[in-house]
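Below is the file work_20.tsv, which contains TSV, C-alpha atoms.
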```tsv
chain	number	residue	atom	x	y	z
A	1	MET	CA	-24.06	-5.77	1.41
A	2	LYS	CA	-24.07	-3.91	4.73
A	3	HIS	CA	-22.53	-6.91	6.50
A	4	PHE	CA	-19.88	-7.23	3.80
A	5	ILE	CA	-18.91	-3.56	4.06
A	6	ASN	CA	-18.60	-3.89	7.85
A	7	ALA	CA	-16.35	-6.92	7.43
A	8	VAL	CA	-14.13	-5.09	4.95
A	9	LEU	CA	-13.87	-2.03	7.18
A	10	GLY	CA	-12.99	-4.27	10.10
A	11	ALA	CA	-10.18	-5.89	8.11
A	12	LEU	CA	-8.83	-2.51	7.04
A	13	GLY	CA	-8.98	-1.32	10.64
A	14	ILE	CA	-6.84	-4.27	11.73
A	15	ALA	CA	-4.40	-3.52	8.90
A	16	VAL	CA	-4.06	0.14	9.91
A	17	LEU	CA	-3.56	-0.83	13.55
A	18	PHE	CA	-0.68	-3.15	12.75
A	19	SER	CA	0.81	-0.70	10.26
A	20	THR	CA	1.14	2.02	12.90
A	21	HIS	CA	2.39	-0.16	15.75
A	22	THR	CA	3.47	-3.74	15.08
A	23	PHE	CA	5.24	-3.06	11.80
A	24	ALA	CA	7.25	-0.14	13.16
A	25	GLU	CA	10.19	-2.47	13.77
A	26	ARG	CA	12.07	-3.28	10.56
A	27	VAL	CA	14.05	-6.42	9.90
A	28	SER	CA	16.58	-4.71	7.67
A	29	THR	CA	17.08	-1.51	5.73
A	30	ASP	CA	18.16	-3.42	2.64
A	31	PRO	CA	15.64	-3.65	-0.25
A	32	ASP	CA	14.17	-7.14	-0.53
A	33	VAL	CA	13.75	-7.98	-4.19
A	34	TYR	CA	12.50	-11.46	-3.43
A	35	LEU	CA	8.99	-10.41	-2.49
A	36	SER	CA	8.54	-10.19	-6.26
A	37	ALA	CA	8.07	-13.96	-6.08
A	38	GLN	CA	4.58	-13.33	-4.72
A	39	LEU	CA	3.56	-11.89	-8.09
A	40	SER	CA	5.17	-14.68	-10.06
A	41	PHE	CA	3.27	-17.54	-11.72
A	42	SER	CA	0.68	-19.52	-9.77
A	43	ASP	CA	-2.28	-20.03	-12.14
A	44	ALA	CA	-2.29	-20.02	-15.96
A	45	ARG	CA	-5.85	-18.77	-16.29
A	46	SER	CA	-5.18	-15.62	-14.30
A	47	ALA	CA	-1.71	-15.20	-15.83
A	48	ALA	CA	-3.25	-15.16	-19.33
A	49	MET	CA	-5.29	-12.14	-18.20
A	50	ALA	CA	-2.19	-10.31	-16.94
A	51	GLY	CA	-2.62	-11.50	-13.36
A	52	ALA	CA	-6.15	-10.16	-12.85
A	53	GLY	CA	-8.15	-12.54	-10.67
A	54	CYS	CA	-8.97	-11.14	-7.24
A	55	ALA	CA	-12.67	-11.62	-8.10
A	56	LEU	CA	-12.24	-14.56	-10.51
A	57	LEU	CA	-13.45	-17.89	-9.13
A	58	GLY	CA	-10.76	-20.55	-8.97
A	59	PRO	CA	-9.40	-23.43	-6.82
A	60	MET	CA	-6.32	-23.46	-4.57
A	61	SER	CA	-4.13	-21.93	-7.31
A	62	ALA	CA	-6.35	-18.82	-7.15
A	63	ALA	CA	-5.80	-18.45	-3.39
A	64	THR	CA	-2.52	-16.69	-4.18
A	65	LEU	CA	-4.61	-13.82	-5.56
A	66	ASN	CA	-7.46	-13.95	-3.03
A	67	PRO	CA	-7.58	-16.41	-0.10
A	68	ALA	CA	-11.41	-16.42	-0.17
A	69	LEU	CA	-11.72	-17.95	-3.65
A	70	PRO	CA	-11.32	-21.73	-3.01
A	71	ASN	CA	-14.48	-22.04	-0.91
A	72	ALA	CA	-16.50	-19.84	-3.26
A	73	PHE	CA	-15.29	-21.88	-6.24
A	74	LEU	CA	-16.21	-25.26	-4.77
A	75	VAL	CA	-19.56	-24.15	-3.34
A	76	ASN	CA	-20.62	-22.57	-6.64
A	77	ASN	CA	-19.29	-25.52	-8.63
A	78	GLN	CA	-21.52	-28.19	-7.15
A	79	ILE	CA	-20.20	-31.02	-9.33
A	80	THR	CA	-17.00	-31.35	-7.28
A	81	ARG	CA	-15.90	-31.35	-3.63
A	82	GLY	CA	-12.20	-30.87	-4.30
A	83	VAL	CA	-9.60	-29.91	-6.88
A	84	ILE	CA	-5.95	-30.84	-7.50
A	85	SER	CA	-3.88	-28.46	-9.63
A	86	LEU	CA	-0.37	-28.87	-11.05
A	87	GLY	CA	1.61	-26.25	-12.94
A	88	TYR	CA	4.89	-25.30	-14.53
A	89	ALA	CA	6.15	-22.00	-15.94
A	90	ARG	CA	9.19	-20.19	-17.27
A	91	ASP	CA	8.66	-16.84	-15.62
A	92	SER	CA	11.20	-14.06	-16.08
A	93	LEU	CA	9.65	-12.00	-13.26
A	94	PHE	CA	11.38	-14.11	-10.64
A	95	GLY	CA	13.38	-16.92	-12.22
A	96	GLU	CA	13.81	-19.68	-14.73
A	97	HIS	CA	11.47	-22.31	-13.29
A	98	VAL	CA	8.27	-22.00	-11.28
A	99	VAL	CA	6.44	-25.14	-10.14
A	100	PRO	CA	3.16	-24.64	-8.21
A	101	GLU	CA	1.05	-27.52	-6.85
A	102	GLY	CA	-2.09	-27.40	-4.75
A	103	ILE	CA	-5.16	-29.20	-3.47
A	104	CYS	CA	-8.34	-27.94	-1.83
A	105	TYR	CA	-11.32	-29.83	-0.43
A	106	ASN	CA	-14.71	-28.63	0.74
A	107	LEU	CA	-15.79	-29.78	4.22
A	108	GLY	CA	-19.39	-28.70	3.87
A	109	SER	CA	-20.61	-26.14	6.38
A	110	ALA	CA	-17.14	-26.11	7.98
A	111	GLY	CA	-15.69	-24.44	4.88
A	112	THR	CA	-12.78	-25.38	2.63
A	113	ILE	CA	-9.22	-26.35	3.49
A	114	GLY	CA	-6.36	-26.16	1.00
A	115	ILE	CA	-2.62	-26.63	0.92
A	116	SER	CA	-0.12	-25.72	-1.77
A	117	TYR	CA	3.59	-25.83	-2.47
A	118	ARG	CA	5.52	-23.69	-4.93
A	119	TYR	CA	9.14	-23.93	-5.97
A	120	LEU	CA	10.83	-20.97	-7.69
A	121	ARG	CA	14.32	-21.21	-9.09
A	122	GLN	CA	16.25	-18.35	-10.61
A	123	SER	CA	19.59	-20.14	-10.77
A	124	ALA	CA	21.62	-22.71	-8.89
A	125	THR	CA	22.49	-19.96	-6.41
A	126	HIS	CA	19.02	-18.53	-5.91
A	127	TYR	CA	15.79	-20.40	-5.20
A	128	GLN	CA	12.73	-20.28	-2.99
A	129	HIS	CA	10.38	-22.81	-1.39
A	130	GLU	CA	6.98	-21.77	-0.14
A	131	GLY	CA	4.07	-23.62	1.43
A	132	THR	CA	0.57	-22.30	2.08
A	133	LEU	CA	-2.26	-23.39	4.34
A	134	ASN	CA	-5.59	-21.89	3.26
A	135	LEU	CA	-8.79	-21.80	5.28
A	136	SER	CA	-11.85	-20.32	3.60
A	137	GLY	CA	-15.56	-20.37	4.29
A	138	ARG	CA	-18.89	-18.59	4.12
A	139	LEU	CA	-19.25	-15.36	6.06
A	140	PHE	CA	-22.80	-14.38	5.05
A	141	GLU	CA	-25.39	-16.28	3.05
A	142	LYS	CA	-26.90	-14.79	-0.09
A	143	SER	CA	-29.81	-12.39	0.03
A	144	LEU	CA	-32.62	-11.83	-2.44
A	145	SER	CA	-30.58	-9.35	-4.48
A	146	GLN	CA	-26.95	-10.30	-3.80
A	147	GLY	CA	-24.80	-13.39	-3.52
A	148	ALA	CA	-23.10	-14.89	-0.50
A	149	VAL	CA	-19.95	-13.42	1.05
A	150	ASP	CA	-16.91	-15.70	1.46
A	151	TYR	CA	-13.75	-15.08	3.47
A	152	GLY	CA	-10.33	-16.69	3.43
A	153	ILE	CA	-7.08	-16.70	5.39
A	154	SER	CA	-3.78	-17.94	3.98
A	155	ILE	CA	-0.75	-18.67	6.14
A	156	ARG	CA	2.40	-18.85	4.04
A	157	TYR	CA	5.88	-20.01	4.85
A	158	GLU	CA	8.63	-18.81	2.52
A	159	ARG	CA	12.27	-19.88	2.58
A	160	THR	CA	14.67	-18.18	0.21
A	161	ARG	CA	18.35	-18.97	-0.32
A	162	TRP	CA	20.73	-17.02	-2.49
A	163	ILE	CA	24.49	-16.69	-2.84
A	164	ARG	CA	26.14	-13.29	-3.21
A	165	THR	CA	29.41	-13.03	-5.09
A	166	ASP	CA	29.94	-9.25	-5.03
A	167	LEU	CA	31.63	-8.96	-1.66
A	168	ASP	CA	35.03	-7.24	-1.39
A	169	SER	CA	37.29	-6.30	1.46
A	170	ALA	CA	38.27	-2.64	1.35
A	171	PHE	CA	40.20	0.07	3.15
A	172	SER	CA	39.01	3.69	3.04
A	173	LEU	CA	41.38	6.57	3.84
A	174	ARG	CA	39.55	9.75	4.79
A	175	THR	CA	40.01	12.95	6.79
A	176	ASP	CA	37.81	13.86	9.70
A	177	THR	CA	35.88	16.45	7.64
A	178	THR	CA	35.79	15.15	4.08
A	179	ALA	CA	34.75	12.10	2.07
A	180	PRO	CA	37.25	9.29	1.50
A	181	ILE	CA	40.30	10.52	-0.43
A	182	ALA	CA	41.48	7.04	-1.32
A	183	ARG	CA	39.93	3.59	-1.49
A	184	ILE	CA	42.16	0.55	-1.74
A	185	PHE	CA	40.57	-2.85	-2.36
A	186	SER	CA	42.36	-5.89	-1.10
A	187	GLY	CA	41.69	-9.59	-1.49
A	188	LEU	CA	39.54	-11.54	-3.89
A	189	PRO	CA	35.72	-11.18	-3.98
A	190	ALA	CA	34.16	-13.12	-1.13
A	191	GLU	CA	31.12	-15.35	-1.53
A	192	GLY	CA	28.21	-14.88	0.86
A	193	THR	CA	25.12	-16.94	1.59
A	194	VAL	CA	21.75	-15.60	2.75
A	195	PHE	CA	18.82	-17.59	4.15
A	196	ASP	CA	15.56	-15.72	4.53
A	197	GLN	CA	12.49	-17.25	6.17
A	198	ARG	CA	9.05	-15.68	6.58
A	199	PHE	CA	5.66	-16.48	8.04
A	200	ILE	CA	3.04	-14.36	6.27
A	201	VAL	CA	-0.73	-14.00	6.73
A	202	ASP	CA	-3.00	-12.93	3.86
A	203	LEU	CA	-6.69	-12.05	4.18
A	204	GLY	CA	-9.38	-12.04	1.49
A	205	PHE	CA	-13.10	-11.52	0.86
A	206	PHE	CA	-15.27	-12.42	-2.12
A	207	GLN	CA	-18.90	-11.72	-2.98
A	208	LYS	CA	-20.67	-13.19	-5.97
A	209	ASN	CA	-23.29	-10.98	-7.62
A	210	VAL	CA	-22.54	-7.86	-5.64
A	211	ALA	CA	-24.45	-6.31	-8.55
A	212	ASP	CA	-26.09	-7.80	-11.61
A	213	ARG	CA	-23.51	-10.17	-13.22
A	214	LEU	CA	-20.73	-8.49	-11.25
A	215	ASP	CA	-18.52	-10.26	-8.68
A	216	PHE	CA	-16.31	-8.44	-6.18
A	217	GLY	CA	-13.11	-9.38	-4.37
A	218	LEU	CA	-10.77	-7.75	-1.87
A	219	SER	CA	-7.48	-9.08	-0.53
A	220	VAL	CA	-4.76	-7.80	1.78
A	221	HIS	CA	-1.38	-9.47	1.23
A	222	ASN	CA	1.39	-9.44	3.86
A	223	LEU	CA	-1.09	-8.28	6.48
A	224	LEU	CA	1.11	-9.91	9.10
A	225	ALA	CA	4.66	-10.88	8.16
A	226	TYR	CA	7.49	-11.98	10.43
A	227	ALA	CA	10.93	-12.80	9.05
A	228	TRP	CA	14.15	-14.45	10.13
A	229	LYS	CA	17.32	-13.73	8.17
A	230	GLU	CA	20.72	-15.37	8.49
A	231	HIS	CA	23.68	-14.34	6.39
A	232	SER	CA	27.39	-14.91	6.28
A	233	PRO	CA	29.99	-13.54	6.13
A	234	THR	CA	29.42	-10.63	8.53
A	235	LEU	CA	30.70	-7.16	7.61
A	236	LEU	CA	33.09	-5.74	10.25
A	237	THR	CA	34.72	-2.30	10.39
A	238	GLN	CA	37.86	-1.11	12.16
A	239	HIS	CA	38.22	2.64	12.71
A	240	ILE	CA	41.95	3.47	13.00
A	241	PRO	CA	42.98	7.12	13.62
A	242	LEU	CA	46.11	8.40	11.86
A	243	SER	CA	47.76	11.82	12.28
A	244	TYR	CA	49.68	13.31	9.43
A	245	ALA	CA	49.93	16.26	7.04
A	246	ILE	CA	51.84	16.86	3.84
A	247	ASN	CA	53.55	20.16	3.14
A	248	ASP	CA	53.17	20.84	-0.60
A	249	THR	CA	56.64	22.46	-0.72
A	250	THR	CA	58.78	20.16	1.36
A	251	HIS	CA	56.58	17.01	1.38
A	252	ARG	CA	57.31	16.70	5.08
A	253	VAL	CA	54.82	15.06	7.45
A	254	ASP	CA	53.39	17.39	10.10
A	255	SER	CA	51.27	15.37	12.53
A	256	SER	CA	49.84	18.47	14.21
A	257	GLN	CA	47.80	19.71	11.23
A	258	VAL	CA	45.45	17.01	9.89
A	259	THR	CA	43.88	14.00	11.51
A	260	SER	CA	42.86	11.11	9.19
A	261	TYR	CA	41.32	7.72	9.69
A	262	LEU	CA	41.83	4.33	8.13
A	263	ASP	CA	38.52	2.47	7.89
A	264	SER	CA	39.09	-1.22	7.34
A	265	ASN	CA	35.93	-2.92	6.08
A	266	TYR	CA	36.24	-6.67	5.90
A	267	TYR	CA	34.13	-9.81	6.22
A	268	SER	CA	34.23	-12.31	9.02
A	269	TRP	CA	33.00	-15.85	8.34
A	270	GLN	CA	30.58	-15.66	11.19
A	271	SER	CA	26.83	-15.86	10.66
A	272	GLU	CA	24.67	-12.90	11.62
A	273	LYS	CA	21.00	-13.40	12.45
A	274	THR	CA	18.19	-10.84	12.49
A	275	GLN	CA	14.47	-11.14	12.96
A	276	GLY	CA	11.40	-8.95	13.24
A	277	TRP	CA	8.22	-7.76	11.60
A	278	LEU	CA	8.39	-6.79	7.95
A	279	PRO	CA	7.61	-3.11	7.36
A	280	ALA	CA	4.28	-1.90	6.04
A	281	SER	CA	6.00	-1.02	2.74
A	282	TYR	CA	5.62	-4.66	1.74
A	283	ARG	CA	1.87	-4.78	2.29
A	284	ARG	CA	-0.49	-4.44	-0.64
A	285	ILE	CA	-4.27	-4.29	-0.92
A	286	THR	CA	-6.09	-5.40	-4.07
A	287	VAL	CA	-9.64	-4.60	-5.14
A	288	GLY	CA	-11.03	-6.66	-8.00
A	289	ILE	CA	-14.19	-7.11	-10.05
A	290	ALA	CA	-15.28	-9.68	-12.62
A	291	TYR	CA	-18.16	-9.04	-15.03
A	292	THR	CA	-19.86	-11.99	-16.78
A	293	THR	CA	-22.26	-11.80	-19.72
A	294	PRO	CA	-23.47	-14.21	-22.42
A	295	ILE	CA	-23.30	-13.23	-26.12
A	296	LEU	CA	-24.12	-14.82	-29.49
A	297	GLU	CA	-27.31	-16.43	-28.25
A	298	ASP	CA	-25.60	-17.82	-25.17
A	299	LYS	CA	-23.04	-19.74	-27.24
A	300	VAL	CA	-20.20	-17.58	-25.88
A	301	THR	CA	-19.68	-16.31	-22.36
A	302	LEU	CA	-17.52	-13.24	-21.76
A	303	ILE	CA	-15.78	-12.77	-18.41
A	304	ILE	CA	-13.97	-9.47	-17.84
A	305	PRO	CA	-11.82	-9.26	-14.67
A	306	ALA	CA	-9.97	-6.15	-13.48
A	307	ASP	CA	-7.74	-5.63	-10.43
A	308	LEU	CA	-6.44	-2.42	-8.91
A	309	ALA	CA	-3.65	-2.91	-6.36
A	310	PHE	CA	-2.17	-0.41	-3.92
A	311	ILE	CA	1.38	-1.03	-2.66
A	312	GLY	CA	2.54	0.69	0.52
A	313	LEU	CA	-0.91	2.10	1.23
A	314	PHE	CA	-0.46	1.79	5.00
A	315	ASP	CA	3.11	3.15	5.16
A	316	ARG	CA	3.18	6.88	5.82
A	317	GLY	CA	6.87	7.10	4.97
A	318	THR	CA	6.60	5.99	1.33
A	319	PRO	CA	4.37	7.05	-1.56
A	320	THR	CA	1.53	4.71	-2.51
A	321	ARG	CA	2.01	2.92	-5.82
A	322	MET	CA	-0.85	1.59	-7.95
A	323	THR	CA	-0.94	-1.25	-10.45
A	324	LEU	CA	-3.70	-2.14	-12.91
A	325	ARG	CA	-4.39	-5.59	-14.32
A	326	ALA	CA	-7.32	-6.39	-16.62
A	327	GLY	CA	-8.32	-9.10	-19.06
A	328	VAL	CA	-11.07	-10.78	-21.01
A	329	GLU	CA	-12.01	-14.43	-21.33
A	330	ALA	CA	-14.26	-15.77	-24.10
A	331	ARG	CA	-15.59	-19.22	-23.24
A	332	PHE	CA	-17.09	-21.18	-26.15
A	333	LEU	CA	-19.78	-23.81	-25.48
A	334	GLY	CA	-18.40	-24.22	-21.97
A	335	TYR	CA	-15.36	-26.20	-23.20
A	336	TYR	CA	-12.89	-23.85	-24.92
A	337	ALA	CA	-11.54	-20.49	-23.81
A	338	LEU	CA	-9.45	-17.71	-25.30
A	339	ARG	CA	-7.92	-15.10	-23.02
A	340	PHE	CA	-6.11	-11.77	-23.31
A	341	GLY	CA	-4.79	-9.40	-20.70
A	342	TYR	CA	-3.14	-6.03	-20.11
A	343	ALA	CA	-1.19	-4.83	-17.09
A	344	SER	CA	0.44	-1.62	-16.01
A	345	ALA	CA	2.51	-3.05	-13.18
A	346	PRO	CA	6.06	-3.53	-11.91
A	347	MET	CA	7.95	-6.20	-13.80
A	348	VAL	CA	10.64	-6.33	-11.09
A	349	VAL	CA	9.24	-5.64	-7.64
A	350	SER	CA	12.25	-4.38	-5.72
A	351	LEU	CA	11.21	-2.36	-2.69
A	352	GLY	CA	14.12	0.01	-3.26
A	353	GLU	CA	13.09	0.65	-6.86
A	354	LEU	CA	9.45	1.13	-5.91
A	355	ILE	CA	10.38	3.72	-3.30
A	356	SER	CA	12.79	5.62	-5.56
A	357	LYS	CA	10.78	5.47	-8.79
A	358	GLY	CA	7.20	5.23	-7.57
A	359	SER	CA	4.68	4.56	-10.34
A	360	LYS	CA	7.35	5.11	-13.01
A	361	ILE	CA	8.52	1.56	-12.46
A	362	ASN	CA	5.30	0.26	-14.06
A	363	GLU	CA	5.57	-1.27	-17.50
A	364	ASN	CA	2.91	-2.16	-20.07
A	365	LEU	CA	2.37	-5.88	-20.53
A	366	ILE	CA	0.26	-7.67	-23.13
A	367	ILE	CA	-0.38	-11.35	-22.56
A	368	GLY	CA	-2.67	-14.11	-23.82
A	369	GLY	CA	-3.59	-17.75	-23.57
A	370	GLY	CA	-6.32	-20.32	-23.75
A	371	GLY	CA	-7.88	-23.29	-22.07
A	372	PHE	CA	-9.84	-26.51	-22.52
A	373	SER	CA	-12.04	-28.28	-19.99
A	374	VAL	CA	-14.00	-31.52	-19.98
A	375	SER	CA	-15.04	-32.65	-16.53
A	376	PRO	CA	-13.17	-33.80	-14.50
A	377	PHE	CA	-10.12	-32.35	-16.30
A	378	ALA	CA	-9.02	-28.87	-17.41
A	379	ALA	CA	-5.85	-27.46	-18.97
A	380	ASP	CA	-4.89	-23.78	-19.21
A	381	LEU	CA	-1.95	-22.10	-20.98
A	382	TYR	CA	-0.55	-18.58	-21.00
A	383	ILE	CA	2.10	-17.07	-23.27
A	384	SER	CA	3.86	-13.70	-23.32
A	385	LYS	CA	7.28	-12.37	-24.22
A	386	ASN	CA	9.89	-14.58	-22.52
A	387	ASN	CA	7.18	-16.24	-20.40
A	388	TRP	CA	4.87	-19.21	-20.64
A	389	GLY	CA	3.08	-21.46	-18.21
A	390	LEU	CA	0.69	-24.40	-17.97
A	391	THR	CA	-1.82	-25.45	-15.29
A	392	LEU	CA	-3.54	-28.85	-15.17
A	393	THR	CA	-6.64	-29.21	-12.98
A	394	PHE	CA	-8.32	-32.43	-11.80
A	395	MET	CA	-11.75	-32.48	-10.14
A	396	LEU	CA	-12.20	-34.88	-7.21
```

Turn the structure described in the file into structure tokens.
Amino acid sequence: MKHFINAVLGALGIAVLFSTHTFAERVSTDPDVYLSAQLSFSDARSAAMAGAGCALLGPMSAATLNPALPNAFLVNNQITRGVISLGYARDSLFGEHVVPEGICYNLGSAGTIGISYRYLRQSATHYQHEGTLNLSGRLFEKSLSQGAVDYGISIRYERTRWIRTDLDSAFSLRTDTTAPIARIFSGLPAEGTVFDQRFIVDLGFFQKNVADRLDFGLSVHNLLAYAWKEHSPTLLTQHIPLSYAINDTTHRVDSSQVTSYLDSNYYSWQSEKTQGWLPASYRRITVGIAYTTPILEDKVTLIIPADLAFIGLFDRGTPTRMTLRAGVEARFLGYYALRFGYASAPMVVSLGELISKGSKINENLIIGGGGFSVSPFAADLYISKNNWGLTLTFML
């Protein structure tokens, strides 16, 4: 346990270092609602328990929650060296269609390697592709009283494209000391296109049997995140001084009294590119546990996972937000499972909304599902209001 605590403190030290220096440079001041895709569907088992799963053993689909899980899953599940998972969901958190696919394979003492691809589509004008390379392995072997400690690193590439249709050209007439006194829109709404690309590094740790029947997990998402953004058209502004005054009695213009300006805001069909480190506001740290106990003369196994996540913990300029996700799984005879979950978490993860509303953005979510497994095949389903998803798993 001492070694595990040192490893965790070392990871947090790295995170604090980058939060105070590297992440000081922001890509943009605009809220980025598309990081909500990270909390969208990836695994039906975890989704049926409201997204709790930082300490819940699983294959490559679970690496989205904790990068250390694939190696721990394959090493503890000695009947298989690899797993292929396929999924599909209608997830209102991000979009209409979510299609995750992944494979992981254990290389023995060298650890486990995994790759995954996920496609998220909100509409014909908004979609995202993401690919993940996961490397996980054993950090410390088990002791007499506690299980082994696993680590994992995920390197993600995300590419988002969306089309904006709310762009207007406008002229603002204002004085030099007051707000605009007139605003005249001209032209039809312009259509804009945005491409956003990111390389992101996630870090995770997992320990089985940190206490009797209790597993522990810790993950830091968006530990390192670099983004490139390209958008068109580009907003341009012309600042034109005008001198005039109106006499209320004679309605004559007196250019010596008031100076005004004509601000012409319009769009040029030139692409604008920006790049830089994403701010620490996007980083989140999750601490999870999973308790396992047999009941009914060992005919039923209960697994109770719970995750507590902190968003913006390393950003001094914004308040820290917390989310809670918890669930229960009842596994019958090792083949059938029923699952339920509860979450107090953001349903739409817009950075701007999180900053302005803080924890008030959290909503209560009740969700459920089930599963069936007969080696080498397993199927899991989750269902909630306006959402459902399915994951198929094949042992290699």

**Study point:** Long-range neighbours of segment 57-60 of chain A as a PyMOL selection string, 6 Å cut-off, all atoms listed in the file, 2 positions minimum in chain
**Key:** chain A and resi 62-63+69-70+73+102-104

Output for the residues just chosen: C-alpha atoms as a PDB file, in the frame of the given file:
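Wrote it out as out_10.pdb, contents follow:
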```
ATOM      1  CA  ALA A  62      -6.350 -18.820  -7.150  1.00  0.00           C
ATOM      2  CA  ALA A  63      -5.800 -18.450  -3.390  1.00  0.00           C
ATOM      3  CA  LEU A  69     -11.720 -17.950  -3.650  1.00  0.00           C
ATOM      4  CA  PRO A  70     -11.320 -21.730  -3.010  1.00  0.00           C
ATOM      5  CA  PHE A  73     -15.290 -21.880  -6.240  1.00  0.00           C
ATOM      6  CA  GLY A 102      -2.090 -27.400  -4.750  1.00  0.00           C
ATOM      7  CA  ILE A 103      -5.160 -29.200  -3.470  1.00  0.00           C
ATOM      8  CA  CYS A 104      -8.340 -27.940  -1.830  1.00  0.00           C
TER       9      CYS A 104
END
```

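Here the question is which of A:Ser42, A:Ser143, A:Ser136, A:Gln197 gets nearest to Arg90 of chain A using only C-alpha atoms, and that residue is A:Ser42.
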
Exercise for review: Give me, please, the distance in Å between atom CA of Gln122 of chain A and atom CA of Ala306 of chain A, quoted to one decimal.
Suggested key: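 Going from atom CA of Gln122 of chain A over to atom CA of Ala306 of chain A, I get 29.1 Å.
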
Review point. Which residue, A:Gly51, A:Gly288, A:Gly371, A:Gly137, has the smallest gap to Ala337 of chain A when you use all atoms listed in the file?
Key: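 Result for the nearest residue to Ala337 of chain A: A:Gly371.
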
Check your understanding: For Ser116 of chain A, which residue among A:Gly341, A:Leu203, A:Gln146, A:Ser61 is the nearest when counting all atoms listed in the file?
Key ->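 Checking each candidate against Ser116 of chain A, we get A:Ser61 as the closest.
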
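Straight-line separation from atom CA of Ile153 of chain A to atom CA of Ala72 of chain A: 13.2 Å.
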
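For the pair atom CA of Arg45 of chain A and atom CA of Arg161 of chain A, the interatomic distance is 29.0 Å.
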
Check your understanding: Need the neighbours of (-14.2, -37.5, -6.7): which residues are at most 12 Å away, counting only C-alpha atoms, as a list in words?
Key -> Gln78, Ile79, Thr80, Arg81, Gly82, Val83, Ile84, Tyr105, Asn106, Ser375, Pro376, Phe377, Phe394, Met395 and Leu396 of chain A

Practice item. Kindly indicate which residue among A:Gly312, A:Gly327, A:Gly334, A:Gly53 lies nearest to Gly369 of chain A, using all atoms listed in the file for the distances. Key: A:Gly327

Practice item. Could you check which of A:Arg213, A:Lys299, A:Arg156, A:His231 is closest to Phe332 of chain A, using all atoms listed in the file? Key: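 Counting all atoms listed in the file, the residue closest to Phe332 of chain A is A:Lys299.
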
Review point. Of the residues A:Tyr291, A:Tyr119, A:Phe195, A:Phe216, which is the one nearest to Tyr151 of chain A, using only C-alpha atoms?
Key: A:Phe216

Practice item. Compile the contact shell of Ala290 of chain A as a PyMOL selection string: residues with an atom at most 8 Å away, counting all atoms listed in the file, same-chain residues fewer than 4 positions apart removed. Key: chain A and resi 53+55-56+214-216+303-306
